[in-house]
Structures are given as C-alpha cells and as structure tokens.
>>> print(open('run.cif').read())   # mmCIF, C-alpha atoms
data_model
loop_
_atom_site.group_PDB
_atom_site.id
_atom_site.type_symbol
_atom_site.label_atom_id
_atom_site.label_comp_id
_atom_site.auth_asym_id
_atom_site.auth_seq_id
_atom_site.Cartn_x
_atom_site.Cartn_y
_atom_site.Cartn_z
ATOM 1 C CA MET A 11 0.000 0.000 0.000
ATOM 2 C CA ARG A 12 1.360 3.386 -0.979
ATOM 3 C CA ALA A 13 2.195 5.686 1.941
ATOM 4 C CA LEU A 14 -0.043 8.677 2.479
ATOM 5 C CA SER A 15 1.357 12.037 1.510
ATOM 6 C CA ARG A 16 2.053 14.426 4.352
ATOM 7 C CA THR A 17 -0.939 16.558 3.351
ATOM 8 C CA ALA A 18 -3.256 13.550 3.106
ATOM 9 C CA GLY A 19 -1.977 12.236 6.418
ATOM 10 C CA CYS A 20 -2.661 15.546 8.150
ATOM 11 C CA TRP A 21 -6.125 15.659 6.588
ATOM 12 C CA LEU A 22 -6.869 12.116 7.777
ATOM 13 C CA ALA A 23 -5.668 12.887 11.320
ATOM 14 C CA ALA A 24 -7.837 16.009 11.431
ATOM 15 C CA ALA A 25 -10.822 14.062 10.095
ATOM 16 C CA LEU A 26 -10.395 11.338 12.710
ATOM 17 C CA LEU A 27 -10.188 13.925 15.502
ATOM 18 C CA ALA A 28 -13.297 15.649 14.168
ATOM 19 C CA CYS A 29 -15.152 12.315 14.067
ATOM 20 C CA ALA A 30 -14.099 11.521 17.619
ATOM 21 C CA THR A 31 -15.274 14.939 18.776
ATOM 22 C CA MET A 32 -18.617 14.604 17.012
ATOM 23 C CA ALA A 33 -19.064 11.125 18.473
ATOM 24 C CA ALA A 34 -18.382 12.469 21.965
ATOM 25 C CA ARG A 35 -20.919 15.251 21.444
ATOM 26 C CA ALA A 36 -23.479 12.842 20.043
ATOM 27 C CA ALA A 37 -23.174 10.577 23.099
ATOM 28 C CA ALA A 38 -25.289 12.468 25.612
ATOM 29 C CA PRO A 39 -24.321 11.917 29.253
ATOM 30 C CA VAL A 40 -26.124 8.918 30.734
ATOM 31 C CA ALA A 41 -27.556 9.054 34.247
ATOM 32 C CA ILE A 42 -26.883 5.783 36.076
ATOM 33 C CA GLU A 43 -29.131 5.076 39.063
ATOM 34 C CA LEU A 44 -26.928 3.839 41.907
ATOM 35 C CA ALA A 45 -29.616 3.788 44.583
ATOM 36 C CA SER A 46 -33.189 4.991 44.900
ATOM 37 C CA GLY A 47 -33.235 8.563 43.574
ATOM 38 C CA VAL A 48 -29.425 8.795 43.426
ATOM 39 C CA TYR A 49 -27.734 9.100 40.032
ATOM 40 C CA MET A 50 -24.171 9.279 38.739
ATOM 41 C CA VAL A 51 -23.039 10.677 35.391
ATOM 42 C CA ALA A 52 -19.630 9.142 34.745
ATOM 43 C CA GLY A 53 -16.623 10.997 33.377
ATOM 44 C CA THR A 54 -14.053 9.515 31.042
ATOM 45 C CA GLY A 55 -10.948 9.833 33.220
ATOM 46 C CA GLY A 56 -7.618 10.856 31.725
ATOM 47 C CA GLU A 57 -6.735 14.455 30.978
ATOM 48 C CA PRO A 58 -8.921 16.929 29.059
ATOM 49 C CA ASP A 59 -8.517 16.666 25.290
ATOM 50 C CA GLY A 60 -10.461 17.120 22.091
ATOM 51 C CA ALA A 61 -11.785 13.557 22.130
ATOM 52 C CA ASN A 62 -13.260 13.573 25.649
ATOM 53 C CA LEU A 63 -14.246 17.268 25.504
ATOM 54 C CA GLY A 64 -12.744 17.684 28.960
ATOM 55 C CA ARG A 65 -15.554 15.681 30.542
ATOM 56 C CA ILE A 66 -13.235 13.612 32.677
ATOM 57 C CA GLY A 67 -14.842 13.984 36.128
ATOM 58 C CA ASN A 68 -17.921 12.361 37.630
ATOM 59 C CA THR A 69 -21.040 14.343 38.393
ATOM 60 C CA GLY A 70 -24.407 13.309 39.774
ATOM 61 C CA PHE A 71 -27.713 14.297 41.283
ATOM 62 C CA ILE A 72 -30.163 13.328 43.995
ATOM 63 C CA VAL A 73 -33.924 13.452 43.489
ATOM 64 C CA GLY A 74 -36.118 14.382 46.436
ATOM 65 C CA ARG A 75 -39.877 14.845 46.864
ATOM 66 C CA LYS A 76 -39.720 18.536 45.901
ATOM 67 C CA GLY A 77 -36.785 18.767 43.536
ATOM 68 C CA VAL A 78 -33.253 17.841 42.583
ATOM 69 C CA LEU A 79 -29.816 18.571 44.021
ATOM 70 C CA ALA A 80 -27.100 18.547 41.328
ATOM 71 C CA ILE A 81 -23.576 17.635 42.410
ATOM 72 C CA ASP A 82 -20.855 19.339 40.341
ATOM 73 C CA THR A 83 -21.579 21.090 37.073
ATOM 74 C CA GLY A 84 -19.093 19.835 34.476
ATOM 75 C CA THR A 85 -16.326 21.312 32.376
ATOM 76 C CA SER A 86 -18.098 23.800 30.134
ATOM 77 C CA TYR A 87 -21.371 25.552 29.442
ATOM 78 C CA ARG A 88 -22.140 22.886 26.842
ATOM 79 C CA HIS A 89 -21.345 20.135 29.314
ATOM 80 C CA GLY A 90 -23.573 21.764 31.925
ATOM 81 C CA ARG A 91 -26.440 21.843 29.426
ATOM 82 C CA ALA A 92 -25.902 18.156 28.710
ATOM 83 C CA LEU A 93 -25.952 17.330 32.417
ATOM 84 C CA LEU A 94 -29.239 19.180 32.830
ATOM 85 C CA ASP A 95 -30.614 17.146 29.923
ATOM 86 C CA ALA A 96 -29.470 13.976 31.704
ATOM 87 C CA ILE A 97 -31.363 15.050 34.826
ATOM 88 C CA ARG A 98 -34.496 15.770 32.799
ATOM 89 C CA SER A 99 -34.264 12.368 31.170
ATOM 90 C CA VAL A 100 -35.159 10.771 34.521
ATOM 91 C CA THR A 101 -37.293 13.370 36.335
ATOM 92 C CA ASP A 102 -39.376 16.441 35.621
ATOM 93 C CA LYS A 103 -38.825 17.813 39.120
ATOM 94 C CA PRO A 104 -37.021 21.164 39.197
ATOM 95 C CA VAL A 105 -33.319 21.397 39.917
ATOM 96 C CA ARG A 106 -33.233 23.496 43.065
ATOM 97 C CA LEU A 107 -29.496 23.787 43.649
ATOM 98 C CA ALA A 108 -26.107 22.762 42.250
ATOM 99 C CA ILE A 109 -23.236 22.250 44.663
ATOM 100 C CA VAL A 110 -19.618 22.303 43.506
ATOM 101 C CA THR A 111 -17.593 19.930 45.665
ATOM 102 C CA HIS A 112 -14.075 21.192 44.924
ATOM 103 C CA THR A 113 -11.958 23.469 42.757
ATOM 104 C CA ARG A 114 -10.969 21.487 39.688
ATOM 105 C CA GLN A 115 -11.776 22.701 36.201
ATOM 106 C CA GLU A 116 -13.773 19.621 35.177
ATOM 107 C CA PHE A 117 -16.291 20.253 37.985
ATOM 108 C CA LEU A 118 -16.691 24.024 37.757
ATOM 109 C CA PHE A 119 -17.454 25.643 34.470
ATOM 110 C CA GLY A 120 -20.779 24.049 33.608
ATOM 111 C CA ALA A 121 -22.142 26.408 36.256
ATOM 112 C CA ALA A 122 -23.036 28.933 33.555
ATOM 113 C CA ALA A 123 -25.675 26.560 32.165
ATOM 114 C CA PHE A 124 -27.251 26.066 35.592
ATOM 115 C CA ARG A 125 -27.245 29.746 36.488
ATOM 116 C CA GLU A 126 -28.718 30.620 33.073
ATOM 117 C CA GLN A 127 -31.782 28.621 34.084
ATOM 118 C CA GLY A 128 -32.048 30.258 37.480
ATOM 119 C CA ILE A 129 -30.467 27.376 39.393
ATOM 120 C CA PRO A 130 -28.215 28.719 42.160
ATOM 121 C CA VAL A 131 -24.695 27.322 42.456
ATOM 122 C CA ALA A 132 -23.179 26.793 45.913
ATOM 123 C CA MET A 133 -19.526 26.420 46.936
ATOM 124 C CA HIS A 134 -17.588 26.469 50.151
ATOM 125 C CA GLN A 135 -16.100 29.894 50.810
ATOM 126 C CA ALA A 136 -12.515 28.593 50.637
ATOM 127 C CA ALA A 137 -13.121 26.728 47.377
ATOM 128 C CA ALA A 138 -14.708 29.831 45.855
ATOM 129 C CA GLY A 139 -11.690 31.879 46.910
ATOM 130 C CA LEU A 140 -9.288 29.398 45.317
ATOM 131 C CA MET A 141 -11.327 29.409 42.114
ATOM 132 C CA ALA A 142 -11.253 33.201 41.962
ATOM 133 C CA SER A 143 -7.486 33.277 42.470
ATOM 134 C CA ARG A 144 -6.461 30.893 39.729
ATOM 135 C CA CYS A 145 -9.234 29.595 37.502
ATOM 136 C CA GLU A 146 -9.042 32.327 34.873
ATOM 137 C CA SER A 147 -5.879 30.437 33.885
ATOM 138 C CA CYS A 148 -7.766 27.115 33.974
ATOM 139 C CA LEU A 149 -10.354 28.559 31.624
ATOM 140 C CA LYS A 150 -7.709 29.818 29.188
ATOM 141 C CA THR A 151 -6.081 26.380 29.166
ATOM 142 C CA LEU A 152 -9.392 24.683 28.473
ATOM 143 C CA ARG A 153 -10.112 27.070 25.605
ATOM 144 C CA SER A 154 -6.725 26.253 24.125
ATOM 145 C CA THR A 155 -7.152 22.498 24.627
ATOM 146 C CA LEU A 156 -10.802 22.029 23.690
ATOM 147 C CA GLY A 157 -11.272 24.903 21.245
ATOM 148 C CA GLU A 158 -13.404 28.016 21.206
ATOM 149 C CA ASP A 159 -16.443 26.213 19.803
ATOM 150 C CA GLU A 160 -16.611 23.626 22.583
ATOM 151 C CA MET A 161 -16.045 26.302 25.231
ATOM 152 C CA ARG A 162 -18.514 28.835 23.815
ATOM 153 C CA GLY A 163 -20.644 30.365 26.579
ATOM 154 C CA THR A 164 -18.263 29.173 29.298
ATOM 155 C CA THR A 165 -17.273 31.889 31.742
ATOM 156 C CA MET A 166 -15.841 32.492 35.172
ATOM 157 C CA PHE A 167 -18.546 32.949 37.767
ATOM 158 C CA GLU A 168 -19.300 33.956 41.327
ATOM 159 C CA PRO A 169 -21.155 31.261 43.280
ATOM 160 C CA ASP A 170 -24.643 32.325 44.282
ATOM 161 C CA ILE A 171 -24.237 30.728 47.709
ATOM 162 C CA ARG A 172 -21.031 30.602 49.742
ATOM 163 C CA PHE A 173 -21.071 28.493 52.862
ATOM 164 C CA THR A 174 -18.612 27.826 55.652
ATOM 165 C CA THR A 175 -18.576 25.505 58.680
ATOM 166 C CA PRO A 176 -21.045 23.940 59.202
ATOM 167 C CA PRO A 177 -22.405 24.004 55.652
ATOM 168 C CA GLY A 178 -25.559 26.105 55.738
ATOM 169 C CA LEU A 179 -27.561 24.258 53.100
ATOM 170 C CA ASP A 180 -31.043 23.051 54.016
ATOM 171 C CA ALA A 181 -31.529 20.291 51.438
ATOM 172 C CA ALA A 182 -34.553 18.907 53.271
ATOM 173 C CA THR A 183 -36.417 22.143 52.604
ATOM 174 C CA LEU A 184 -35.024 22.614 49.103
ATOM 175 C CA ILE A 185 -35.588 19.165 47.610
ATOM 176 C CA GLY A 186 -37.604 17.301 50.252
ATOM 177 C CA ARG A 187 -34.820 14.912 51.166
ATOM 178 C CA SER A 188 -32.295 15.062 53.992
ATOM 179 C CA ILE A 189 -28.795 15.377 52.551
ATOM 180 C CA GLN A 190 -25.592 16.016 54.505
ATOM 181 C CA VAL A 191 -22.822 18.221 53.139
ATOM 182 C CA LEU A 192 -19.623 17.031 54.824
ATOM 183 C CA TYR A 193 -16.710 19.397 55.393
ATOM 184 C CA PHE A 194 -13.487 18.334 57.097
ATOM 185 C CA GLY A 195 -11.532 21.566 56.891
ATOM 186 C CA HIS A 196 -8.627 21.951 54.497
ATOM 187 C CA SER A 197 -8.037 18.288 53.613
ATOM 188 C CA SER A 198 -7.699 17.178 49.996
ATOM 189 C CA GLY A 199 -8.028 20.865 49.162
ATOM 190 C CA PRO A 200 -9.304 24.101 50.683
ATOM 191 C CA GLY A 201 -13.089 24.051 50.790
ATOM 192 C CA ASP A 202 -13.421 20.477 49.527
ATOM 193 C CA VAL A 203 -16.759 18.950 50.547
ATOM 194 C CA ALA A 204 -18.574 15.658 50.080
ATOM 195 C CA VAL A 205 -22.307 15.050 49.737
ATOM 196 C CA PHE A 206 -23.845 12.180 51.699
ATOM 197 C CA ASP A 207 -27.321 10.700 51.280
ATOM 198 C CA PRO A 208 -27.957 8.884 54.579
ATOM 199 C CA VAL A 209 -31.097 7.167 53.285
ATOM 200 C CA THR A 210 -29.142 5.087 50.755
ATOM 201 C CA GLY A 211 -25.641 5.355 52.195
ATOM 202 C CA THR A 212 -24.374 7.021 48.998
ATOM 203 C CA LEU A 213 -21.424 9.406 49.149
ATOM 204 C CA PHE A 214 -20.374 11.816 46.415
ATOM 205 C CA ALA A 215 -16.758 12.175 47.517
ATOM 206 C CA GLY A 216 -15.629 15.056 45.290
ATOM 207 C CA GLY A 217 -11.908 15.732 45.682
ATOM 208 C CA LEU A 218 -11.545 13.468 48.734
ATOM 209 C CA LEU A 219 -11.454 10.267 46.696
ATOM 210 C CA ASP A 220 -10.611 9.062 43.216
ATOM 211 C CA ALA A 221 -10.879 5.471 41.966
ATOM 212 C CA GLN A 222 -8.088 3.793 40.002
ATOM 213 C CA ARG A 223 -6.522 7.222 39.594
ATOM 214 C CA ILE A 224 -3.635 8.831 41.441
ATOM 215 C CA PRO A 225 -4.984 11.431 43.904
ATOM 216 C CA ASP A 226 -3.439 14.845 43.393
ATOM 217 C CA VAL A 227 -1.845 16.248 46.562
ATOM 218 C CA PHE A 228 -1.117 19.704 45.133
ATOM 219 C CA ASP A 229 -3.730 21.566 47.205
ATOM 220 C CA SER A 230 -3.825 19.173 50.138
ATOM 221 C CA ASP A 231 -3.129 19.251 53.829
ATOM 222 C CA LEU A 232 -1.995 15.631 54.093
ATOM 223 C CA PRO A 233 -2.515 15.044 57.841
ATOM 224 C CA ALA A 234 -6.010 16.578 57.693
ATOM 225 C CA TRP A 235 -6.818 14.553 54.573
ATOM 226 C CA GLY A 236 -5.849 11.391 56.438
ATOM 227 C CA GLU A 237 -8.156 12.374 59.310
ATOM 228 C CA ALA A 238 -10.994 13.020 56.858
ATOM 229 C CA LEU A 239 -10.539 9.577 55.305
ATOM 230 C CA HIS A 240 -10.561 8.016 58.770
ATOM 231 C CA THR A 241 -13.877 9.766 59.452
ATOM 232 C CA LEU A 242 -15.317 8.483 56.174
ATOM 233 C CA GLN A 243 -14.401 4.937 57.184
ATOM 234 C CA ALA A 244 -16.723 5.282 60.174
ATOM 235 C CA LEU A 245 -19.744 6.302 58.092
ATOM 236 C CA PRO A 246 -22.353 3.744 56.949
ATOM 237 C CA LEU A 247 -21.317 3.983 53.296
ATOM 238 C CA GLU A 248 -22.874 1.638 50.753
ATOM 239 C CA VAL A 249 -21.852 3.337 47.491
ATOM 240 C CA ILE A 250 -19.143 5.926 46.817
ATOM 241 C CA VAL A 251 -18.999 8.150 43.741
ATOM 242 C CA PRO A 252 -15.379 9.335 43.512
ATOM 243 C CA GLY A 253 -14.307 12.486 41.732
ATOM 244 C CA HIS A 254 -12.870 10.337 38.939
ATOM 245 C CA GLY A 255 -13.231 6.669 38.132
ATOM 246 C CA PRO A 256 -15.913 4.042 38.718
ATOM 247 C CA ALA A 257 -18.251 4.026 41.696
ATOM 248 C CA GLY A 258 -17.326 1.622 44.465
ATOM 249 C CA THR A 259 -17.477 0.731 48.126
ATOM 250 C CA LYS A 260 -15.488 1.712 51.217
ATOM 251 C CA ARG A 261 -12.555 -0.044 49.595
ATOM 252 C CA LEU A 262 -11.989 3.230 47.717
ATOM 253 C CA VAL A 263 -11.265 4.935 51.031
ATOM 254 C CA THR A 264 -8.822 2.194 52.013
ATOM 255 C CA GLN A 265 -7.041 2.381 48.642
ATOM 256 C CA THR A 266 -6.580 6.149 48.902
ATOM 257 C CA GLU A 267 -5.286 5.784 52.457
ATOM 258 C CA ARG A 268 -2.811 3.126 51.283
ATOM 259 C CA TYR A 269 -1.554 5.309 48.451
ATOM 260 C CA LEU A 270 -1.039 8.359 50.662
ATOM 261 C CA ASP A 271 0.610 6.265 53.376
ATOM 262 C CA GLN A 272 3.007 4.614 50.935
ATOM 263 C CA LEU A 273 3.787 7.905 49.216
ATOM 264 C CA THR A 274 4.626 9.741 52.424
ATOM 265 C CA THR A 275 6.558 6.819 53.944
ATOM 266 C CA ARG A 276 8.709 6.406 50.837
ATOM 267 C CA VAL A 277 9.391 10.139 50.492
ATOM 268 C CA ARG A 278 10.347 10.488 54.161
ATOM 269 C CA ALA A 279 12.774 7.592 53.757
ATOM 270 C CA LEU A 280 14.379 9.240 50.728
ATOM 271 C CA LEU A 281 14.713 12.535 52.572
ATOM 272 C CA ALA A 282 16.304 10.794 55.575
ATOM 273 C CA ALA A 283 18.749 9.052 53.227
ATOM 274 C CA GLY A 284 19.785 12.382 51.714
ATOM 275 C CA ALA A 285 18.401 11.699 48.236
ATOM 276 C CA PRO A 286 18.407 14.823 46.031
ATOM 277 C CA LEU A 287 15.096 16.143 44.699
ATOM 278 C CA SER A 288 16.117 15.229 41.147
ATOM 279 C CA GLU A 289 16.062 11.536 42.064
ATOM 280 C CA VAL A 290 12.829 11.528 44.033
ATOM 281 C CA PRO A 291 10.227 11.009 41.262
ATOM 282 C CA ASP A 292 12.034 7.922 39.929
ATOM 283 C CA ALA A 293 12.884 6.617 43.392
ATOM 284 C CA THR A 294 9.295 6.832 44.631
ATOM 285 C CA ALA A 295 7.983 3.993 42.510
ATOM 286 C CA LEU A 296 4.889 2.390 44.060
ATOM 287 C CA PRO A 297 4.179 -0.791 42.059
ATOM 288 C CA GLU A 298 0.797 -1.363 43.719
ATOM 289 C CA PHE A 299 -0.525 1.771 41.989
ATOM 290 C CA ALA A 300 1.409 1.663 38.713
ATOM 291 C CA ALA A 301 -1.692 0.803 36.677
ATOM 292 C CA TRP A 302 -3.696 3.745 38.000
ATOM 293 C CA ASP A 303 -4.605 6.656 35.740
ATOM 294 C CA GLN A 304 -2.047 9.517 35.966
ATOM 295 C CA TYR A 305 0.665 7.382 37.589
ATOM 296 C CA ALA A 306 3.285 8.527 35.083
ATOM 297 C CA THR A 307 2.513 12.206 35.643
ATOM 298 C CA VAL A 308 0.612 13.103 38.820
ATOM 299 C CA HIS A 309 2.363 10.499 40.980
ATOM 300 C CA ARG A 310 5.795 11.813 40.012
ATOM 301 C CA ARG A 311 4.687 15.361 40.783
ATOM 302 C CA ASN A 312 3.203 14.220 44.095
ATOM 303 C CA ALA A 313 6.526 12.698 45.111
ATOM 304 C CA ALA A 314 8.408 15.920 44.403
ATOM 305 C CA LEU A 315 5.831 18.093 46.172
ATOM 306 C CA VAL A 316 5.758 15.954 49.304
ATOM 307 C CA TYR A 317 9.574 15.868 49.384
ATOM 308 C CA LEU A 318 9.713 19.663 49.267
ATOM 309 C CA ARG A 319 7.135 19.959 52.049
ATOM 310 C CA TYR A 320 9.024 17.587 54.333
ATOM 311 C CA GLU A 321 12.321 19.263 53.506
ATOM 312 C CA ARG A 322 10.811 22.607 54.477
ATOM 313 C CA GLU A 323 9.529 21.124 57.747
ATOM 314 C CA GLN A 324 13.069 20.015 58.585
ATOM 315 C CA LEU A 325 14.512 23.434 57.820
ATOM 316 C CA LEU A 326 11.969 25.161 60.058
ATOM 317 C CA LYS A 327 12.628 22.944 63.086
#
>>> encode(input="run.cif", output="structure tokens")
Amino acid sequence: MRALSRTAGCWLAAALLACATMAARAAAPVAIELASGVYMVAGTGGEPDGANLGRIGNTGFIVGRKGVLAIDTGTSYRHGRALLDAIRSVTDKPVRLAIVTHTRQEFLFGAAAFREQGIPVAMHQAAAGLMASRCESCLKTLRSTLGEDEMRGTTMFEPDIRFTTPPGLDAATLIGRSIQVLYFGHSSGPGDVAVFDPVTGTLFAGGLLDAQRIPDVFDSDLPAWGEALHTLQALPLEVIVPGHGPAGTKRLVTQTERYLDQLTTRVRALLAAGAPLSEVPDATALPEFAAWDQYATVHRRNAALVYLRYEREQLLK
C-alpha cells in the first residue's frame, strides 16, 4: 500500500479527531441510578482533550420529593447543558441547587448553564476563593485544549451561595430529602466537601477520593486529609462516587489511604537518606498503583511536592 502524503496524512488525522469529537458530542451523558433517587453521570478519566471534551470527572444528582440537588456542574457551558438534559431524562422535578464539591476545572465551568436557568450554584467559601485566584488560567487552558467552539458560553462565575462551617444548606427544605454536606476543613483541598445521602448510604466524595486514579496532593493538607478519610471509614457507606473513576465501596477509602501512606513513607525515607530532589520522582515507585490513571505524571509530581514539604519542615525545626 502506498504511503499517504504528508498533506493527506494531516487531513486524515484532522478528520479522525473531528469524528471523535462529534461522536463524543453525540453521546449524551447517561444518568446511572446507583440507589433509589441517586444518580451518577460518569466521566471519562484521563486528561482533558479534544476527544473527551474535557468531561473527565464524575457528576451526579439526587432526586427528592420537591426537587433535585445537582452535584458538580461539568467542564463547560455545553457540558452543563448536557448534564441538565441527563437530569431531565429521569425526572421532571425542578433542579433546586447545584453544589460544587471542589476546585478542579472539570467540575466548575458548567455552572453557567445552571445559572442561566435560574439554578443557584453553591460552593464552600474557601473553594470559591481558590477558584477566583487561579481559575481564569484554567479557563484559558481549556479554551486552548478544547477549542473556542466547545467552550462557547463558558465563563468564570461567582457562586450564588457561599457556605462555611457547618455548611448552611437546608436540602430537606429545598428538595424534600435530607442530605448532609460534609466538610473536614482543608483536607484534599481548601473548601473540599462531600455530599452524603444517609437514606441510601451514597457518598459523592468530590476531591476526597478518586478510583483507580492517582490522587493529586497539590492543594492538600496531608494530615487533615488522612483524618478526613478516617472519618469516612466510620460512616455507613454503601456506594461511593469518587471524583474520577468508577463508583465503588469503602474499599476506595482504604485504597486512597494506602496510596497516601506509601507515598509519604517512601518520600520520608528518601529525605532521611539524603536523596536529592532530582532523584525523588524515579525513586518513589509504588508498584501497587502503577496501573492507575495519571501514575506517570501526577504520581511523580506528588513525590516531588511531598519531598519539598518535608524538607521545608526540617529546615523550620
């Protein structure tokens, strides 16, 4: 078979990317019922790109007697619209509130679609502050990665409701179902919250947990995160929706604890042995987690970040 010319090859690559993008757009988000009235809309995992349209994180919603609570809003205005369509595919009850669990781009920017329809968006005060300080850059990166067409209508926003400790959200009044918003202080990130439905034992873990994906420690307070995970272990959890990856059981909590424990133990050992920072990412291999999404990138960065934190602790003693 004759080789394609460079021009034909470029055309074919562009055509394949366009087909993948159209296929992703054509596949409307599917709401999966995990428990009575509790739904998950699964993300793709990986990093945002033209094929997955940046829709890499999980979202969901809970249906009560009076209305619906949406949990996270997606990557873009278009994604937010698609999530609202997914909600309407299973219920005609009004969406009363959307809560953003943590400050990552794939959970934030669909807010424009919700607010356009008069649905208030709530965030913890600390998460809203972090978003304001850095997410203009996130938005620019997404525009560059996904393209202006996919990001059309997507904007920075101010949450309509900012809450602190304890979260001042009366879900029982709003949607006719008692929902708990859990806040453990600065743990996996400042202002990170989880949403717990005690009736079914379902937890939307937000930034506290990922499944089969390396958790990112960039914004974390590691000791407080460990305490938060210990608290989650004590809850009567039946189903957990992580920020990324498939839904699971309490085993997801145990796996995250194991990863963080092994990461910090290995890095402390390297620091005690006098290993230079340049060697740390390679020397912090954790075979148990090598098959997880983002191991080759986020795990290496985690190792370097934790090393620098522990080195700073030593210098300040």
>>> closest_residue(input="run.cif", among="A:Arg125, A:Lys76, A:Arg278, A:Arg223", to="A:Thr101", atoms="all atoms listed in the file")
A:Lys76
>>> residues_near_point(input="run.cif", point="(-2.3, 7.4, 54.7)", cutoff="12 Å", atoms="all atoms listed in the file", output="list in words")
Pro225, Asp231, Leu232, Pro233, Ala234, Trp235, Gly236, Glu237, Ala238, Leu239, His240, Val263, Thr264, Gln265, Thr266, Glu267, Arg268, Tyr269, Leu270, Asp271, Gln272, Leu273, Thr274, Thr275 and Arg276 of chain A
>>> resolve_selection(input="run.cif", expression="the PyMOL selection byres ((chain A and resi 52) around 6)", output="list of chain:residue names")
A:Val51, A:Gly53, A:Asn68
>>> closest_residue(input="run.cif", among="A:Met166, A:Val110, A:Val290, A:Leu140", to="A:Ser86", atoms="only C-alpha atoms")
A:Met166
>>> resolve_selection(input="run.cif", expression="the PyMOL selection byres ((chain A and resi 58) around 10)", output="list of chain:residue names")
A:Thr54, A:Gly55, A:Gly56, A:Glu57, A:Asp59, A:Gly60, A:Ala61, A:Asn62, A:Leu63, A:Gly64, A:Arg65, A:Ile66, A:Gly67, A:Thr85, A:Gln115, A:Glu116, A:Thr151, A:Leu152, A:Thr155, A:Leu156
>>> write_last_selection(input="run.cif", atoms="C-alpha atoms", output="PDB file, keeping the file's coordinate frame")
ATOM      1  CA  THR A  54     -14.053   9.515  31.042  1.00  0.00           C
ATOM      2  CA  GLY A  55     -10.948   9.833  33.220  1.00  0.00           C
ATOM      3  CA  GLY A  56      -7.618  10.856  31.725  1.00  0.00           C
ATOM      4  CA  GLU A  57      -6.735  14.455  30.978  1.00  0.00           C
ATOM      5  CA  ASP A  59      -8.517  16.666  25.290  1.00  0.00           C
ATOM      6  CA  GLY A  60     -10.461  17.120  22.091  1.00  0.00           C
ATOM      7  CA  ALA A  61     -11.785  13.557  22.130  1.00  0.00           C
ATOM      8  CA  ASN A  62     -13.260  13.573  25.649  1.00  0.00           C
ATOM      9  CA  LEU A  63     -14.246  17.268  25.504  1.00  0.00           C
ATOM     10  CA  GLY A  64     -12.744  17.684  28.960  1.00  0.00           C
ATOM     11  CA  ARG A  65     -15.554  15.681  30.542  1.00  0.00           C
ATOM     12  CA  ILE A  66     -13.235  13.612  32.677  1.00  0.00           C
ATOM     13  CA  GLY A  67     -14.842  13.984  36.128  1.00  0.00           C
ATOM     14  CA  THR A  85     -16.326  21.312  32.376  1.00  0.00           C
ATOM     15  CA  GLN A 115     -11.776  22.701  36.201  1.00  0.00           C
ATOM     16  CA  GLU A 116     -13.773  19.621  35.177  1.00  0.00           C
ATOM     17  CA  THR A 151      -6.081  26.380  29.166  1.00  0.00           C
ATOM     18  CA  LEU A 152      -9.392  24.683  28.473  1.00  0.00           C
ATOM     19  CA  THR A 155      -7.152  22.498  24.627  1.00  0.00           C
ATOM     20  CA  LEU A 156     -10.802  22.029  23.690  1.00  0.00           C
TER      21      LEU A 156
END
>>> resolve_selection(input="run.cif", expression="the PyMOL selection byres ((chain A and resi 73) around 8)", output="JSON list (two decimals) with C-alpha atoms, in the frame of the given file")
[["chain", "number", "residue", "atom", "x", "y", "z"],
["A", 47, "GLY", "CA", -33.24, 8.56, 43.57],
["A", 48, "VAL", "CA", -29.42, 8.80, 43.43],
["A", 71, "PHE", "CA", -27.71, 14.30, 41.28],
["A", 72, "ILE", "CA", -30.16, 13.33, 44.00],
["A", 74, "GLY", "CA", -36.12, 14.38, 46.44],
["A", 75, "ARG", "CA", -39.88, 14.84, 46.86],
["A", 77, "GLY", "CA", -36.78, 18.77, 43.54],
["A", 78, "VAL", "CA", -33.25, 17.84, 42.58],
["A", 79, "LEU", "CA", -29.82, 18.57, 44.02],
["A", 101, "THR", "CA", -37.29, 13.37, 36.34],
["A", 103, "LYS", "CA", -38.83, 17.81, 39.12],
["A", 185, "ILE", "CA", -35.59, 19.16, 47.61],
["A", 187, "ARG", "CA", -34.82, 14.91, 51.17]]
>>> closest_residue(input="run.cif", among="A:Phe206, A:Tyr305, A:Tyr193, A:Tyr317", to="A:Thr174", atoms="all atoms listed in the file")
A:Tyr193
>>> atom_distance(input="run.cif", atom1="atom CA of A:Cys145", atom2="atom CA of A:Pro291")
27.2 Å
>>> atom_distance(input="run.cif", atom1="atom CA of A:Leu219", atom2="atom CA of A:Leu296")
18.3 Å
>>> atom_distance(input="run.cif", atom1="atom CA of A:Ile171", atom2="atom CA of A:Asp207")
20.6 Å
>>> closest_residue(input="run.cif", among="A:Leu118, A:Glu248, A:Ala80, A:Asp95", to="A:Leu184", atoms="only C-alpha atoms")
A:Ala80
>>> residues_around(input="run.cif", residues="A:Ala132", least_positions_apart="3", cutoff="8 Å", atoms="only C-alpha atoms", output="VMD selection string")
chain A and resid 107 to 110 169 to 173
>>> decode(input="run.cif", residues="stretch 108-119 of chain A", atoms="N, CA and C atoms", output="tab-separated table (two decimals), in the first residue's frame")
chain	number	residue	atom	x	y	z
A	108	ALA	N	-27.30	23.51	42.66
A	108	ALA	CA	-26.11	22.76	42.25
A	108	ALA	C	-25.00	23.08	43.24
A	109	ILE	N	-24.34	22.04	43.74
A	109	ILE	CA	-23.24	22.25	44.66
A	109	ILE	C	-21.94	21.78	44.01
A	110	VAL	N	-20.94	22.64	44.04
A	110	VAL	CA	-19.62	22.30	43.51
A	110	VAL	C	-18.77	21.80	44.66
A	111	THR	N	-18.26	20.56	44.53
A	111	THR	CA	-17.59	19.93	45.66
A	111	THR	C	-16.16	20.39	45.86
A	112	HIS	N	-15.47	20.79	44.77
A	112	HIS	CA	-14.07	21.19	44.92
A	112	HIS	C	-13.60	21.93	43.67
A	113	THR	N	-12.42	22.54	43.79
A	113	THR	CA	-11.96	23.47	42.76
A	113	THR	C	-11.06	22.76	41.76
A	114	ARG	N	-11.67	22.04	40.84
A	114	ARG	CA	-10.97	21.49	39.69
A	114	ARG	C	-11.79	21.82	38.45
A	115	GLN	N	-11.11	22.13	37.36
A	115	GLN	CA	-11.78	22.70	36.20
A	115	GLN	C	-12.91	21.83	35.65
A	116	GLU	N	-12.76	20.51	35.75
A	116	GLU	CA	-13.77	19.62	35.18
A	116	GLU	C	-15.06	19.56	36.00
A	117	PHE	N	-15.10	20.24	37.13
A	117	PHE	CA	-16.29	20.25	37.99
A	117	PHE	C	-16.95	21.63	38.07
A	118	LEU	N	-16.30	22.64	37.49
A	118	LEU	CA	-16.69	24.02	37.76
A	118	LEU	C	-17.54	24.68	36.68
A	119	PHE	N	-17.04	24.64	35.46
A	119	PHE	CA	-17.45	25.64	34.47
A	119	PHE	C	-18.78	25.37	33.77
